[in-house]
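Asker: Could you have a look at this structure, given as structure tokens, before my questions?
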Amino acid sequence: EDVRLFKALEYKLKEFNIELMSYTTHLWHRGKEIENWLENCEGEKIESYVILDDMPAEEFISHSTHLIQTDIAEGLTEKQVERAIKMLNS
């Protein structure tokens, strides 16, 4: 299921020339998972990132300036994609 959702999001973001690099796989605490991923990622240095998630904002306190909170019923909106692009380019 996660892979299917990842592929669907990846496809949608490609319409806006955004590359989706990864996603969290464990749901114990997404904010901590993201911190762990950022600390341990290999390859190019991460210069900017955006978190797209429908989990409560409390999960991402240390990443609040990178969070775009989506609605599970509404999905990712064009306005949110535009905001993500601005965040990545700033």
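Lettering and numbering for the structure tokens are positional, with chains as A, B, ... in the shown order, residues counted from 1 in each chain, and ligands counted from 1 in the shown order.
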Any idea what's packed within 10 Å of Glu47 (chain A), counting only C-alpha atoms, ignoring anything in its chain fewer than 3 positions away? Could you give it as a PyMOL selection string?
Answerer: chain A and resi 44+88-89
Asker: Determine which residues of region 12-84 of chain A DSSP labels as strand (DSSP E) from the backbone of this structure, then write them out as a list in words.
Answerer: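 Strand (DSSP E) assignments inside region 12-84 of chain A correspond to Ile51, Leu52, Asp53, Leu67, Ile68 and Gln69 of chain A.
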Asker: Take the residues from that selection and write them out as a short mmCIF file (atom, residue, chain, number, x, y, z; two decimals), in the first residue's frame, keeping all heavy atoms.
Answerer:
data_model
loop_
_atom_site.label_atom_id
_atom_site.label_comp_id
_atom_site.auth_asym_id
_atom_site.auth_seq_id
_atom_site.Cartn_x
_atom_site.Cartn_y
_atom_site.Cartn_z
N ILE A 51 7.73 18.60 3.97
CA ILE A 51 7.00 17.44 4.49
C ILE A 51 5.55 17.60 4.08
O ILE A 51 4.91 18.60 4.41
CB ILE A 51 7.11 17.37 6.02
CG1 ILE A 51 8.57 17.29 6.45
CG2 ILE A 51 6.29 16.21 6.56
CD1 ILE A 51 8.78 17.55 7.93
N LEU A 52 5.04 16.63 3.35
CA LEU A 52 3.62 16.59 2.97
C LEU A 52 3.00 15.47 3.78
O LEU A 52 3.34 14.30 3.60
CB LEU A 52 3.47 16.30 1.48
CG LEU A 52 4.20 17.24 0.53
CD1 LEU A 52 4.17 16.69 -0.89
CD2 LEU A 52 3.58 18.62 0.58
N ASP A 53 2.10 15.80 4.69
CA ASP A 53 1.56 14.76 5.56
C ASP A 53 0.20 15.16 6.09
O ASP A 53 -0.10 16.34 6.25
CB ASP A 53 2.51 14.51 6.73
CG ASP A 53 2.43 13.08 7.22
OD1 ASP A 53 1.31 12.63 7.56
OD2 ASP A 53 3.47 12.41 7.25
N LEU A 67 6.54 21.89 7.03
CA LEU A 67 5.33 21.06 6.96
C LEU A 67 4.23 21.72 6.14
O LEU A 67 3.90 22.89 6.34
CB LEU A 67 4.79 20.78 8.36
CG LEU A 67 3.48 20.02 8.44
CD1 LEU A 67 3.61 18.61 7.87
CD2 LEU A 67 2.98 19.98 9.88
N ILE A 68 3.68 20.93 5.24
CA ILE A 68 2.43 21.27 4.58
C ILE A 68 1.46 20.16 4.97
O ILE A 68 1.62 19.01 4.56
CB ILE A 68 2.58 21.37 3.05
CG1 ILE A 68 3.53 22.51 2.71
CG2 ILE A 68 1.22 21.54 2.39
CD1 ILE A 68 3.82 22.69 1.25
N GLN A 69 0.51 20.53 5.79
CA GLN A 69 -0.42 19.54 6.30
C GLN A 69 -1.57 19.35 5.31
O GLN A 69 -2.27 20.29 4.97
CB GLN A 69 -0.96 19.95 7.66
CG GLN A 69 -1.70 18.84 8.34
CD GLN A 69 -1.92 19.13 9.81
OE1 GLN A 69 -1.72 20.24 10.28
NE2 GLN A 69 -2.35 18.12 10.53
#
Asker: Skip Ser62 (chain A) itself and residues of its chain fewer than 3 positions away, then list as a PyMOL selection string all residues within 12 Å of it, counting only C-alpha atoms.
Answerer: chain A and resi 30-35+51+57-59+65-67
Asker: Taking into account only C-alpha atoms, which residue in the set A:Glu42, A:Glu15, A:Glu10, A:Asp54 is nearest to Gly75 (chain A)?
Answerer: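 For Gly75 (chain A), the nearest of the candidates is A:Asp54.
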Asker: So how many Å separate CA of Lys86 (chain A) and CA of Ser48 (chain A), to one decimal?
Answerer: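 Going from CA of Lys86 (chain A) over to CA of Ser48 (chain A), I get 10.8 Å.
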Asker: Looking only at alpha helix (DSSP H) from DSSP on the backbone, list the matching residues of region 4-89 of chain A as a PyMOL selection string.
Answerer: chain A and resi 4-14+30-40+78-89
Asker: Have a look at CA of His63 (chain A) and CA of Asn17 (chain A) and let me know their distance in Å, one decimal.
Answerer: 23.2 Å
Asker: Mind checking which residues fall within 9 Å of Ile85 (chain A), counting only C-alpha atoms, ignoring those fewer than 4 positions away in the same chain, and posting them as number ranges by chain?
Answerer: A: 16, 18, 50, 80-81, 89-90
Asker: Just write the chosen residues, N, CA, C and O atoms, as a tab-separated table (two decimals), in the first residue's frame.
Answerer:
chain	number	residue	atom	x	y	z
A	16	PHE	N	4.71	18.98	-11.64
A	16	PHE	CA	5.21	20.28	-11.21
A	16	PHE	C	6.74	20.29	-11.14
A	16	PHE	O	7.33	21.17	-10.53
A	18	ILE	N	8.74	18.37	-9.47
A	18	ILE	CA	9.24	18.12	-8.11
A	18	ILE	C	9.60	16.65	-8.01
A	18	ILE	O	8.81	15.77	-8.35
A	50	VAL	N	10.50	19.54	2.08
A	50	VAL	CA	9.12	19.81	2.44
A	50	VAL	C	8.51	18.50	2.93
A	50	VAL	O	8.77	17.45	2.36
A	80	GLN	N	-1.41	23.68	-2.30
A	80	GLN	CA	-0.36	23.12	-1.46
A	80	GLN	C	0.90	22.81	-2.27
A	80	GLN	O	2.02	23.02	-1.79
A	81	VAL	N	0.72	22.34	-3.48
A	81	VAL	CA	1.87	22.09	-4.35
A	81	VAL	C	2.59	23.39	-4.64
A	81	VAL	O	3.82	23.45	-4.59
A	89	ASN	N	12.16	26.47	-3.09
A	89	ASN	CA	12.97	27.46	-3.81
A	89	ASN	C	13.46	28.61	-2.96
A	89	ASN	O	14.21	29.46	-3.44
A	90	SER	N	13.03	28.67	-1.69
A	90	SER	CA	13.45	29.83	-0.86
A	90	SER	C	14.69	29.51	-0.05
A	90	SER	O	15.18	28.45	0.04
